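Peer 1: One structure, pasted below without further comment.
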Amino acid sequence: MKLLLNFFYFLFIGLLISSCSSDDKDEEKPTISVNYNGGFPQGCVLLAKGETYNFRAKVTDNMALASYSIDIHNNFDHHTHDDQVTECDLEDIKQAINPLIFIENYSIEDNLTSYEINIPITIPRDIDAGDYHSAYSVTDQTGWQARTSIDIKIIE
Amino acid sequence: MNIRTSQPIEGANIIGKGIFSISSATGAFTINNVVKDSCTFIISHLGYASKTVTVIKKQKIETLLVYLNESSTTLEEVEIFGKLKRSAVKETPIVSHTISKEFLDKNRENSLMQTLSKIPGVSTINIGSGQSKPVIRGLGFNRVSVVQNGIKHEAQQWGNDHGLEIDQYGIENIKIIKGPASLVYGSDAIAGVVDIQPNKIPFYNSLLGEVNILGETNNNLLGISAAIEARKVKWFYRGRLTYRDYGDYKVPTERINYENYIFELHDNNLRNTAGKETNASFSLGYVFNHIKSETFFSNVHAKNGFFANAHGLEVRTSSIDYDSSNRDIDLPFHRVNHFKITNNTSVTTGKHTLHFDLGFQNNYREEHSEPVPHGYMPKPSNSKEREFNKNTYSLNVKDKFKPNTQHDFVAGINVEFQNNNIGGWGFLIPEYNRFTIGVFIYDQFEIGSNLHFLAGIRYDYGLVDTKSYYDWFPSTINNRDGSTSHVNLQRAQNKTLNFGNISASTGLSYIRKKTTYKLNIGKSFRMPLANELASDGVNYHMYRYEKGNLNLDSEESYQLDIDINHTSKQFSVGISPFFNLFDNYIYLNPTSNYYETLQIYEYTQSKVFRVGGEINASTTVLKNLQLEASAEYVYSRQANGAKKDFTIPFSPPLSGLFSANYQFKNFLFLTKPQLIADFRITAAQNEIVPPEEKTEGYQILNMSLVTEMDIFKNNQLVEMRVKLNNVFNTKYYNHTSFYRLIDVPEAGRNLSISLTIPFNK
């Protein structure tokens with residue numbers, strides 16, 4: 001029995017040590033925002049074919065930013081909605097013929113903790129007009145990720 | 001007559017006032033010279049409870065059937081058997097836990113693994129209300145082997161939304177090994193084993209059956225399971241049919257907030273989580289002299305819906321009217337069918353006992369979701385996103401050799417062949433063939449009557465042959481010279497990989513009075529899976545690009561287990577700490593890079609250190625009040641690699657369970673009524689690794705009333721269980737639940753009523 005109690009004691013001490021050992025792991029996700037003056041696109045914005053727009057978003061991290069991506073894809077089938085809590089008027093559901101697909105990745109150098117994404121994108125003339133999503137995502141060097149998705153509309 | 005078998009009892013004493021008779025082989029007896037109008041006599045037989053019967057002379061009785069309950073003898077038998085088993089468990093240095101049918105009946109939850117999660121050190125990854133997969137001391141997926149009738153259950157265990165396809169009814173005996181057990185069970189048993197053992201052979205000349213009916217309020221479940229088993233002398237058979245149908249389950253919240261999304265729930269229903277399950281099994285057995293053989297056929301079929309608002313992490317809107325019914329199963333859903341044939345044969349010759357286990361399994365799974373264009377993939381033409389069709393052939397041969405009273409040698413060979421085929425428009429894992437063969441030998445040596453030593457070694461050879469896979473649609477590639485091309489990308493390669501592994505285990509057990517001490521050191525391994533080696537594709541539901549690594553080695557794990565148990569009449573206390581080191585733990589590491597705007601997750605290996613254990617104590621305070629407490633904890637840390645100092649994925653938090661069990665006096669027709677309260681306290685889980693979220697702690701109270709009911713004339717006792725889960729309808733999150741990722745709380749209050757009605761010929 002005594003031996004048993006000793007084991008309890010050691011386990012307890014062991015647990016205490018292991019659960020209290022402090023460490024400086026990065027447990028914070030990066031952030032991403034278009035909610036500032038100049039942030040683009042804003043929810044429900046109309047984009048005209050042939051025009052060039054600067055896609056701008058602010059990203060931050062507690063330690064070091066690593067990469068970001070921009071993804072523009074159609075929402076002709078209303079498969080999802082954005083997370084900016086804006087309800088946009090959607091067109092009727094339709095079949096995609098030649099939708100815009102914009103899929104690009106970029107890296108952020110120099111271990112920055114804040115950065116402004118600023119990418120000019122020209123909306124091609126030969127693509128389907130209609131409802132689209134514009135999605136940003138950003139990672140930090142630990143591997144945490146943040147995403148945001150915005151409803152936009154491409155018009156003639 | 002014997003009440004259980006309905007067989008006549010020969011040699012029963014019939015004793016009345018001045019009368020005496022003995023029943024014949026047919027069970028009949030005659031009493032002459034009865035003078036009185038009525039007479040009372042006692043019928044008794046060794047092994048049965050005596051019964052007093054009154055016969056009134058005036059009434060014309062053509063046949064008087066007297067049923068006798070099997071009693072003392074059988075009970076004694078059970079006890080002796082139990083003791084033997086217990087001492088065998090005590091003597092082996094392997095730390096294991098045996099679960100009886102009684103425990104399963106008393107604690108039955110919606111799935112087998114949820115039932116077993118009451119055992120300290122065992123937890124689950126739940127996918128909705130009806131499906132779950134085993135986790136032992138924080139490790140799950142392919143790191144836990146589930147064995148049924150000696151054959152390893154092979155399905156798509158690596159999958160996040162895959163649940164164990166085994167009918168939880170009709171299981172009498174489960175052995176759980178909480179530690180590396182590759183020595184006997186081969187690859188995958190690196191973290192533990194859930195060994196569902198064959199049921200015991202029915203008694204001679206018996207025909208038994210039972211019907212179990214279950215109703216639940218939370219997901220409006222209706223379940224029925226009926227079984228029959230019979231034996232003449234040499235031949236026996238058993239069969240079981242199970243059907244379960246349930247609606248969407250309810251969570252104690254009106255809306256779910258996931259990142260910036262808000263999902264309003266209709267009537268607290270977690271949309272489209274309904275499901276149904278149809279299982280059938282049949283076995284035919286033969287037992288005579290030194291041969292025992294049973295062939296077991298089973299088929300488990302299930303269809304389960306997945307939460308409609310988010311599939312994986314992907315938020316979905318749909319024109320499907322999910323709220324029109326809470327019982328229909330719309331997209332997304334999966335359908336799984338698991339067919340199994342196994343044969344277990346054992347032959348005893350002199351000092352050898354040979355065991356043969358032969359198995360064939362087919363696991364077929366389809367996953368359907370609304371087709372949506374993704375990246376360069378155009379909108380698919382149908383809803384079948386994934387199809388897996390896997391055949392597994394297994395053969396185990398084992399020889400138990402006892403040359404003298406001191407040694408127990410076991411030598412064996414395991415051979416397994418897997419053939420995995422895929423279909424559908426989504427790609428996650430490639431087609432592959434996999435062949436493994438392992439040989440082992442171990443000896444349990446009795447140094448003294450209370451000191452036992454075990455040592456064993458095993459070698460495994462494995463071959464994985466992955467098949468190439470190309471996208472069915474072209475992707476746009478930006479070439480270096482500035483031009484673009486459209487290519488059907490290759491996602492998996494044709495590759496043949498070899499693995500060889502040595503496993504070993506050694507341990508001591510020492511029994512001193514009422515205390516048992518065990519010490520075991522083992523080395524186990526796990527061969528990398530085809531997806532860990534060869535996947536190279538987009539998992540849109542998880543918003544990630546999964547990249548395999550052909551250079552992965554087999555996982556190797558070293559573990560030290562200690563188990564100390566003290567059991568006396570009034571109380572028992574036990575502790576089982578462990579220390580574990582993984583040389584090269586394989587996990588899907590989220591990197592900081594992107595592929596086509598999706599975060600790249602790469603299969604990586606790192607050194608992992610884990611320590612933890614379970615403690616439990618139980619005591620009988622009053623004669624009828626039993627108190628039990630247990631706690632489980634695992635601490636894991638990656639010692640190198642990209643996620644150094646982080647824990648490993650799906651780490652269960654510190655958790656304790658307090659149970660009180662009070663047995664009331666018999667009341668009316670209620671026999672042995674028991675009231676059980678289970679109070680679980682789980683700490684917050686702040687040890688996470690990307691992309692997990694921290695999870696707050698919680699306290700949950702479950703209550704249940706278990707009783708037997710004497711309502712049938714033939715003295716068959718009906719078992720009833722009324723269970724109230726989550727009494728206070730607490731909103732809480734389970735860190736290891738599939739829906740935790742999208743902030744879905746666990747099920748709300750649930751009242752379930754279960755009846756088990758036995759019958760015989």
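Quick note on naming: the chains in the structure tokens go A, B, ... in the order shown, residues restart at 1 in each chain, and ligands are numbered from 1 in order of appearance.
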Check every residue of chain B for an atom within 9 Å of chain A, counting only C-alpha atoms, and provide those that qualify as a PDB file with N, CA and C atoms, in the first residue's frame.

Peer 2:
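Wrote it out as iface_5.pdb, contents follow:
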ATOM      1  N   GLU B 259     -16.573  30.882 -36.707  1.00  0.00           N
ATOM      2  CA  GLU B 259     -15.841  32.024 -37.241  1.00  0.00           C
ATOM      3  C   GLU B 259     -16.816  33.185 -37.393  1.00  0.00           C
ATOM      4  N   ASN B 260     -17.030  33.700 -38.591  1.00  0.00           N
ATOM      5  CA  ASN B 260     -17.966  34.816 -38.698  1.00  0.00           C
ATOM      6  C   ASN B 260     -19.358  34.357 -39.131  1.00  0.00           C
ATOM      7  N   TYR B 261     -19.539  33.059 -39.249  1.00  0.00           N
ATOM      8  CA  TYR B 261     -20.829  32.564 -39.725  1.00  0.00           C
ATOM      9  C   TYR B 261     -21.766  32.292 -38.565  1.00  0.00           C
ATOM     10  N   ILE B 262     -23.035  32.461 -38.822  1.00  0.00           N
ATOM     11  CA  ILE B 262     -24.046  32.139 -37.812  1.00  0.00           C
ATOM     12  C   ILE B 262     -25.046  31.190 -38.453  1.00  0.00           C
ATOM     13  N   GLU B 314     -16.139  23.554 -44.528  1.00  0.00           N
ATOM     14  CA  GLU B 314     -16.695  24.320 -45.626  1.00  0.00           C
ATOM     15  C   GLU B 314     -18.154  24.686 -45.353  1.00  0.00           C
ATOM     16  N   VAL B 315     -18.415  25.981 -45.318  1.00  0.00           N
ATOM     17  CA  VAL B 315     -19.771  26.452 -45.050  1.00  0.00           C
ATOM     18  C   VAL B 315     -20.585  26.343 -46.329  1.00  0.00           C
ATOM     19  N   ARG B 316     -21.785  25.788 -46.215  1.00  0.00           N
ATOM     20  CA  ARG B 316     -22.595  25.543 -47.399  1.00  0.00           C
ATOM     21  C   ARG B 316     -23.983  26.135 -47.232  1.00  0.00           C
ATOM     22  N   THR B 317     -24.489  26.696 -48.301  1.00  0.00           N
ATOM     23  CA  THR B 317     -25.910  27.015 -48.340  1.00  0.00           C
ATOM     24  C   THR B 317     -26.507  26.112 -49.407  1.00  0.00           C
ATOM     25  N   SER B 318     -27.800  25.846 -49.264  1.00  0.00           N
ATOM     26  CA  SER B 318     -28.395  24.877 -50.158  1.00  0.00           C
ATOM     27  C   SER B 318     -29.861  25.208 -50.348  1.00  0.00           C
ATOM     28  N   SER B 319     -30.405  24.752 -51.467  1.00  0.00           N
ATOM     29  CA  SER B 319     -31.844  24.939 -51.677  1.00  0.00           C
ATOM     30  C   SER B 319     -32.640  23.765 -51.108  1.00  0.00           C
ATOM     31  N   GLU B 370     -23.467  17.835 -52.392  1.00  0.00           N
ATOM     32  CA  GLU B 370     -23.931  18.615 -53.541  1.00  0.00           C
ATOM     33  C   GLU B 370     -22.722  19.016 -54.375  1.00  0.00           C
ATOM     34  N   VAL B 372     -20.184  21.016 -56.382  1.00  0.00           N
ATOM     35  CA  VAL B 372     -19.851  22.442 -56.424  1.00  0.00           C
ATOM     36  C   VAL B 372     -18.507  22.569 -57.131  1.00  0.00           C
ATOM     37  N   PRO B 373     -18.348  23.565 -58.012  1.00  0.00           N
ATOM     38  CA  PRO B 373     -17.024  23.733 -58.612  1.00  0.00           C
ATOM     39  C   PRO B 373     -16.035  24.213 -57.553  1.00  0.00           C
ATOM     40  N   HIS B 374     -14.818  23.749 -57.648  1.00  0.00           N
ATOM     41  CA  HIS B 374     -13.795  24.141 -56.678  1.00  0.00           C
ATOM     42  C   HIS B 374     -12.505  24.381 -57.420  1.00  0.00           C
ATOM     43  N   GLY B 375     -11.902  25.504 -57.235  1.00  0.00           N
ATOM     44  CA  GLY B 375     -10.645  25.773 -57.907  1.00  0.00           C
ATOM     45  C   GLY B 375     -10.823  25.598 -59.404  1.00  0.00           C
ATOM     46  N   TYR B 376      -9.984  24.774 -60.020  1.00  0.00           N
ATOM     47  CA  TYR B 376     -10.092  24.524 -61.463  1.00  0.00           C
ATOM     48  C   TYR B 376     -11.084  23.409 -61.772  1.00  0.00           C
ATOM     49  N   PRO B 378     -14.451  21.900 -62.532  1.00  0.00           N
ATOM     50  CA  PRO B 378     -15.799  22.355 -62.860  1.00  0.00           C
ATOM     51  C   PRO B 378     -16.818  21.616 -62.010  1.00  0.00           C
ATOM     52  N   LYS B 379     -18.074  22.025 -62.134  1.00  0.00           N
ATOM     53  CA  LYS B 379     -19.113  21.393 -61.325  1.00  0.00           C
ATOM     54  C   LYS B 379     -19.290  19.938 -61.754  1.00  0.00           C
ATOM     55  N   THR B 515      -2.715  -7.084  -3.570  1.00  0.00           N
ATOM     56  CA  THR B 515      -2.192  -6.082  -4.481  1.00  0.00           C
ATOM     57  C   THR B 515      -1.469  -6.745  -5.645  1.00  0.00           C
ATOM     58  N   ILE B 564      -0.754  -0.876 -10.876  1.00  0.00           N
ATOM     59  CA  ILE B 564      -0.832  -1.356  -9.504  1.00  0.00           C
ATOM     60  C   ILE B 564      -2.290  -1.360  -9.101  1.00  0.00           C
ATOM     61  N   ASN B 565      -2.712  -2.489  -8.591  1.00  0.00           N
ATOM     62  CA  ASN B 565      -4.118  -2.593  -8.243  1.00  0.00           C
ATOM     63  C   ASN B 565      -4.248  -3.268  -6.895  1.00  0.00           C
ATOM     64  N   HIS B 566      -5.034  -2.645  -6.038  1.00  0.00           N
ATOM     65  CA  HIS B 566      -5.277  -3.230  -4.731  1.00  0.00           C
ATOM     66  C   HIS B 566      -6.774  -3.434  -4.583  1.00  0.00           C
ATOM     67  N   GLY B 574      -6.610   1.615  -7.873  1.00  0.00           N
ATOM     68  CA  GLY B 574      -5.649   1.230  -8.895  1.00  0.00           C
ATOM     69  C   GLY B 574      -5.054   2.444  -9.560  1.00  0.00           C
ATOM     70  N   ILE B 575      -3.848   2.258 -10.045  1.00  0.00           N
ATOM     71  CA  ILE B 575      -3.188   3.334 -10.772  1.00  0.00           C
ATOM     72  C   ILE B 575      -2.417   2.719 -11.930  1.00  0.00           C
ATOM     73  N   PRO B 577       0.074   4.350 -14.585  1.00  0.00           N
ATOM     74  CA  PRO B 577       0.803   5.368 -15.342  1.00  0.00           C
ATOM     75  C   PRO B 577       1.549   4.762 -16.528  1.00  0.00           C
ATOM     76  N   ASN B 589       0.901  17.943 -40.826  1.00  0.00           N
ATOM     77  CA  ASN B 589       1.382  19.206 -40.297  1.00  0.00           C
ATOM     78  C   ASN B 589       0.945  20.379 -41.171  1.00  0.00           C
ATOM     79  N   PRO B 590       0.210  21.350 -40.610  1.00  0.00           N
ATOM     80  CA  PRO B 590      -0.132  22.536 -41.396  1.00  0.00           C
ATOM     81  C   PRO B 590       1.094  23.422 -41.585  1.00  0.00           C
ATOM     82  N   THR B 591       1.502  23.607 -42.817  1.00  0.00           N
ATOM     83  CA  THR B 591       2.672  24.444 -43.089  1.00  0.00           C
ATOM     84  C   THR B 591       2.191  25.882 -43.288  1.00  0.00           C
ATOM     85  N   SER B 592       3.121  26.772 -43.566  1.00  0.00           N
ATOM     86  CA  SER B 592       2.705  28.160 -43.775  1.00  0.00           C
ATOM     87  C   SER B 592       2.606  28.491 -45.268  1.00  0.00           C
ATOM     88  N   ASN B 593       2.656  27.462 -46.102  1.00  0.00           N
ATOM     89  CA  ASN B 593       2.605  27.703 -47.546  1.00  0.00           C
ATOM     90  C   ASN B 593       1.252  27.343 -48.148  1.00  0.00           C
ATOM     91  N   TYR B 594       1.046  27.885 -49.369  1.00  0.00           N
ATOM     92  CA  TYR B 594      -0.220  27.652 -50.064  1.00  0.00           C
ATOM     93  C   TYR B 594      -0.013  26.887 -51.364  1.00  0.00           C
ATOM     94  N   TYR B 595      -1.047  26.149 -51.717  1.00  0.00           N
ATOM     95  CA  TYR B 595      -1.123  25.524 -53.033  1.00  0.00           C
ATOM     96  C   TYR B 595      -2.491  25.860 -53.581  1.00  0.00           C
ATOM     97  N   GLU B 596      -2.569  26.559 -54.683  1.00  0.00           N
ATOM     98  CA  GLU B 596      -3.848  26.998 -55.249  1.00  0.00           C
ATOM     99  C   GLU B 596      -4.751  27.598 -54.169  1.00  0.00           C
ATOM    100  N   THR B 597      -4.212  28.486 -53.390  1.00  0.00           N
ATOM    101  CA  THR B 597      -4.862  29.223 -52.300  1.00  0.00           C
ATOM    102  C   THR B 597      -5.302  28.355 -51.121  1.00  0.00           C
ATOM    103  N   LEU B 598      -4.917  27.098 -51.123  1.00  0.00           N
ATOM    104  CA  LEU B 598      -5.242  26.251 -49.974  1.00  0.00           C
ATOM    105  C   LEU B 598      -3.967  25.977 -49.188  1.00  0.00           C
ATOM    106  N   GLN B 599      -4.103  26.022 -47.874  1.00  0.00           N
ATOM    107  CA  GLN B 599      -2.946  25.807 -47.020  1.00  0.00           C
ATOM    108  C   GLN B 599      -2.407  24.387 -47.223  1.00  0.00           C
ATOM    109  N   VAL B 611       3.248  11.180 -21.538  1.00  0.00           N
ATOM    110  CA  VAL B 611       3.185  10.597 -20.205  1.00  0.00           C
ATOM    111  C   VAL B 611       1.752  10.765 -19.722  1.00  0.00           C
ATOM    112  N   GLY B 612       1.307   9.835 -18.932  1.00  0.00           N
ATOM    113  CA  GLY B 612      -0.058   9.968 -18.435  1.00  0.00           C
ATOM    114  C   GLY B 612      -0.471   8.724 -17.703  1.00  0.00           C
ATOM    115  N   GLY B 613      -1.766   8.569 -17.557  1.00  0.00           N
ATOM    116  CA  GLY B 613      -2.245   7.378 -16.886  1.00  0.00           C
ATOM    117  C   GLY B 613      -3.641   7.552 -16.361  1.00  0.00           C
ATOM    118  N   ILE B 615      -6.199   6.705 -12.831  1.00  0.00           N
ATOM    119  CA  ILE B 615      -6.333   6.235 -11.454  1.00  0.00           C
ATOM    120  C   ILE B 615      -7.799   5.911 -11.231  1.00  0.00           C
ATOM    121  N   TYR B 633      -5.513  11.097 -17.707  1.00  0.00           N
ATOM    122  CA  TYR B 633      -4.764  12.258 -18.157  1.00  0.00           C
ATOM    123  C   TYR B 633      -3.657  11.809 -19.105  1.00  0.00           C
ATOM    124  N   TYR B 635      -0.371  13.683 -21.280  1.00  0.00           N
ATOM    125  CA  TYR B 635       0.377  14.871 -21.647  1.00  0.00           C
ATOM    126  C   TYR B 635       1.278  14.488 -22.811  1.00  0.00           C
ATOM    127  N   ALA B 642       8.658  20.630 -36.988  1.00  0.00           N
ATOM    128  CA  ALA B 642       8.014  21.914 -37.255  1.00  0.00           C
ATOM    129  C   ALA B 642       7.111  22.366 -36.118  1.00  0.00           C
ATOM    130  N   LYS B 643       6.589  21.433 -35.364  1.00  0.00           N
ATOM    131  CA  LYS B 643       5.688  21.814 -34.277  1.00  0.00           C
ATOM    132  C   LYS B 643       6.306  21.452 -32.937  1.00  0.00           C
ATOM    133  N   LYS B 644       7.601  21.694 -32.805  1.00  0.00           N
ATOM    134  CA  LYS B 644       8.301  21.417 -31.552  1.00  0.00           C
ATOM    135  C   LYS B 644       7.594  22.137 -30.405  1.00  0.00           C
ATOM    136  N   ASP B 645       7.482  21.462 -29.296  1.00  0.00           N
ATOM    137  CA  ASP B 645       6.839  21.950 -28.069  1.00  0.00           C
ATOM    138  C   ASP B 645       5.314  21.941 -28.122  1.00  0.00           C
ATOM    139  N   PHE B 646       4.741  21.667 -29.281  1.00  0.00           N
ATOM    140  CA  PHE B 646       3.288  21.555 -29.329  1.00  0.00           C
ATOM    141  C   PHE B 646       2.884  20.143 -28.931  1.00  0.00           C
ATOM    142  N   ILE B 688      -3.012  22.659 -27.516  1.00  0.00           N
ATOM    143  CA  ILE B 688      -3.494  22.453 -28.876  1.00  0.00           C
ATOM    144  C   ILE B 688      -2.355  22.612 -29.866  1.00  0.00           C
ATOM    145  N   VAL B 689      -2.626  22.183 -31.060  1.00  0.00           N
ATOM    146  CA  VAL B 689      -1.658  22.293 -32.144  1.00  0.00           C
ATOM    147  C   VAL B 689      -2.468  22.836 -33.330  1.00  0.00           C
ATOM    148  N   PRO B 690      -1.870  23.701 -34.174  1.00  0.00           N
ATOM    149  CA  PRO B 690      -2.653  24.208 -35.304  1.00  0.00           C
ATOM    150  C   PRO B 690      -3.230  23.038 -36.102  1.00  0.00           C
ATOM    151  N   PRO B 691      -4.451  23.112 -36.585  1.00  0.00           N
ATOM    152  CA  PRO B 691      -5.391  24.239 -36.543  1.00  0.00           C
ATOM    153  C   PRO B 691      -6.432  24.115 -35.445  1.00  0.00           C
TER     154      PRO B 691
END

Peer 1: With only C-alpha atoms as the counted atoms, please give the residues lying no more than 9 Å from A:Arg125, apart from itself and same-chain residues fewer than 6 positions off, as a list in words.

Peer 2: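 Within the cut-off, the hits are Ala48, Lys49, Gly50, Glu51 and Glu156 of chain A.
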
Peer 1: Keeping only N, CA, C and O atoms, write those residues as a PDB file, in the first residue's frame.

Peer 2:
ATOM      1  N   ALA A  48     -16.596  45.981 -62.469  1.00  0.00           N
ATOM      2  CA  ALA A  48     -16.891  46.013 -63.907  1.00  0.00           C
ATOM      3  C   ALA A  48     -15.808  45.300 -64.688  1.00  0.00           C
ATOM      4  O   ALA A  48     -14.614  45.373 -64.347  1.00  0.00           O
ATOM      5  N   LYS A  49     -16.228  44.599 -65.728  1.00  0.00           N
ATOM      6  CA  LYS A  49     -15.280  43.894 -66.603  1.00  0.00           C
ATOM      7  C   LYS A  49     -14.328  44.897 -67.231  1.00  0.00           C
ATOM      8  O   LYS A  49     -14.729  46.006 -67.578  1.00  0.00           O
ATOM      9  N   GLY A  50     -13.081  44.490 -67.384  1.00  0.00           N
ATOM     10  CA  GLY A  50     -12.100  45.348 -68.024  1.00  0.00           C
ATOM     11  C   GLY A  50     -11.432  46.314 -67.063  1.00  0.00           C
ATOM     12  O   GLY A  50     -10.360  46.843 -67.366  1.00  0.00           O
ATOM     13  N   GLU A  51     -12.027  46.515 -65.889  1.00  0.00           N
ATOM     14  CA  GLU A  51     -11.439  47.440 -64.919  1.00  0.00           C
ATOM     15  C   GLU A  51     -10.374  46.724 -64.086  1.00  0.00           C
ATOM     16  O   GLU A  51     -10.402  45.516 -63.913  1.00  0.00           O
ATOM     17  N   GLU A 156     -21.167  43.839 -66.442  1.00  0.00           N
ATOM     18  CA  GLU A 156     -20.623  44.119 -67.795  1.00  0.00           C
ATOM     19  C   GLU A 156     -19.832  45.426 -67.821  1.00  0.00           C
ATOM     20  O   GLU A 156     -20.134  46.346 -67.099  1.00  0.00           O
TER      21      GLU A 156
END

Peer 1: Find the residues around B:Asn616 up to 10 Å (only C-alpha atoms counted), leave out those fewer than 6 positions away in its own chain, and share them as a ChimeraX atom specification.

Peer 2: /B:119-120,565,572-576,628-632,656-658

Peer 1: Could you tell me how far atom CA of B:Ile757 lies from atom CA of B:Pro673, in Å and to one decimal?

Peer 2: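 A separation of 16.4 Å between them.
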
Peer 1: Between A:Ala64, A:Phe55, A:Phe40, A:Ile155, which has the minimum distance to A:Glu109 (counting only C-alpha atoms)?

Peer 2: A:Ala64

Peer 1: Choose the residue, out of A:Pro120, A:Asn37, A:Gly130, A:Lys153, that has the smallest atom-to-atom separation from A:Thr52; count only C-alpha atoms.

Peer 2: A:Pro120

Peer 1: Just want the 7 Å neighbourhood of B:Phe339, counted on only C-alpha atoms, with same-chain residues fewer than 2 positions away dropped. Output as number ranges by chain.

Peer 2: B: 298-300, 337, 361-363

Peer 1: Need to verify the contact set: B:Asp328, 10 Å, only C-alpha atoms, exclusion of same-chain residues closer than 3 positions in sequence. Can you return it as a list of chain:residue names?

Peer 2: B:Tyr246, B:Gly247, B:Asp248, B:Arg271, B:Asn272, B:Thr273, B:Ala274, B:Gly275, B:Lys276, B:Asn304, B:Gly305, B:Tyr322, B:Asp323, B:Ser324, B:Ser325, B:Leu331

Peer 1: Quick one: residues within 10 Å of B:Ile437, only C-alpha atoms counted, chain neighbours fewer than 6 positions away excluded, as number ranges by chain?

Peer 2: B: 186-187, 394-396, 413-417, 459-463, 500

Peer 1: Just C-alpha atoms for this one: save the residues we selected as a PDB file, in the first residue's frame.

Peer 2:
ATOM      1  CA  GLY B 186       0.798  -6.462 -35.428  1.00  0.00           C
ATOM      2  CA  SER B 187       0.951  -3.063 -37.092  1.00  0.00           C
ATOM      3  CA  SER B 394      -6.592 -12.244 -43.115  1.00  0.00           C
ATOM      4  CA  LEU B 395      -5.099 -15.418 -41.745  1.00  0.00           C
ATOM      5  CA  ASN B 396      -3.790 -15.913 -38.239  1.00  0.00           C
ATOM      6  CA  ILE B 413       1.911 -15.941 -37.768  1.00  0.00           C
ATOM      7  CA  ASN B 414      -0.381 -13.202 -39.137  1.00  0.00           C
ATOM      8  CA  VAL B 415      -0.885 -12.668 -42.845  1.00  0.00           C
ATOM      9  CA  GLU B 416      -3.037  -9.912 -44.296  1.00  0.00           C
ATOM     10  CA  PHE B 417      -3.751  -8.618 -47.771  1.00  0.00           C
ATOM     11  CA  TYR B 459       9.088  -9.472 -36.914  1.00  0.00           C
ATOM     12  CA  ASP B 460       6.866  -7.942 -39.571  1.00  0.00           C
ATOM     13  CA  TYR B 461       7.354  -7.413 -43.243  1.00  0.00           C
ATOM     14  CA  GLY B 462       5.028  -5.173 -45.189  1.00  0.00           C
ATOM     15  CA  LEU B 463       4.617  -4.107 -48.770  1.00  0.00           C
ATOM     16  CA  GLY B 500      10.354  -4.274 -41.952  1.00  0.00           C
TER      17      GLY B 500
END

Peer 1: How would you write, as a list of chain:residue names, the set of residues in stretch 132-281 of chain B that DSSP gives as helix (DSSP H, G or I)?

Peer 2: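 After running DSSP on the backbone, stretch 132-281 of chain B has helix (DSSP H, G or I) at B:Phe141, B:Asn142, B:Arg143, B:Ser182, B:Leu183, B:Val184, B:Tyr185.
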
Peer 1: Would you mind reading off the distance between atom CA of B:Ile127 and atom CA of B:Glu102, one decimal, in Å?

Peer 2: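 Separation between atom CA of B:Ile127 and atom CA of B:Glu102: 26.1 Å.
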
Peer 1: Which residues in stretch 38-137 of chain A does DSSP call strand (DSSP E or B)? List them as an NGL selection string.

Peer 2: :A and (40 or 45-48 or 52-60 or 65-74 or 102-107 or 114-122 or 130-137)

Peer 1: Determine, counting only C-alpha atoms, which protein, DNA and RNA residues have an atom within 9 Å of an atom of stretch 738-747 of chain B; residues of the same chain fewer than 6 positions away are not included. Present the result as number ranges by chain.

Peer 2: B: 125-129, 160-161, 218-219, 249-253, 256-259, 270, 307, 310, 312-313, 691-693, 695, 726, 729-732

Peer 1: Using atom CA of B:Thr604 and atom CA of B:Gln638 as the two end points, give the distance in Å to one decimal.

Peer 2: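 Straight-line distance from atom CA of B:Thr604 to atom CA of B:Gln638 works out to 11.7 Å.
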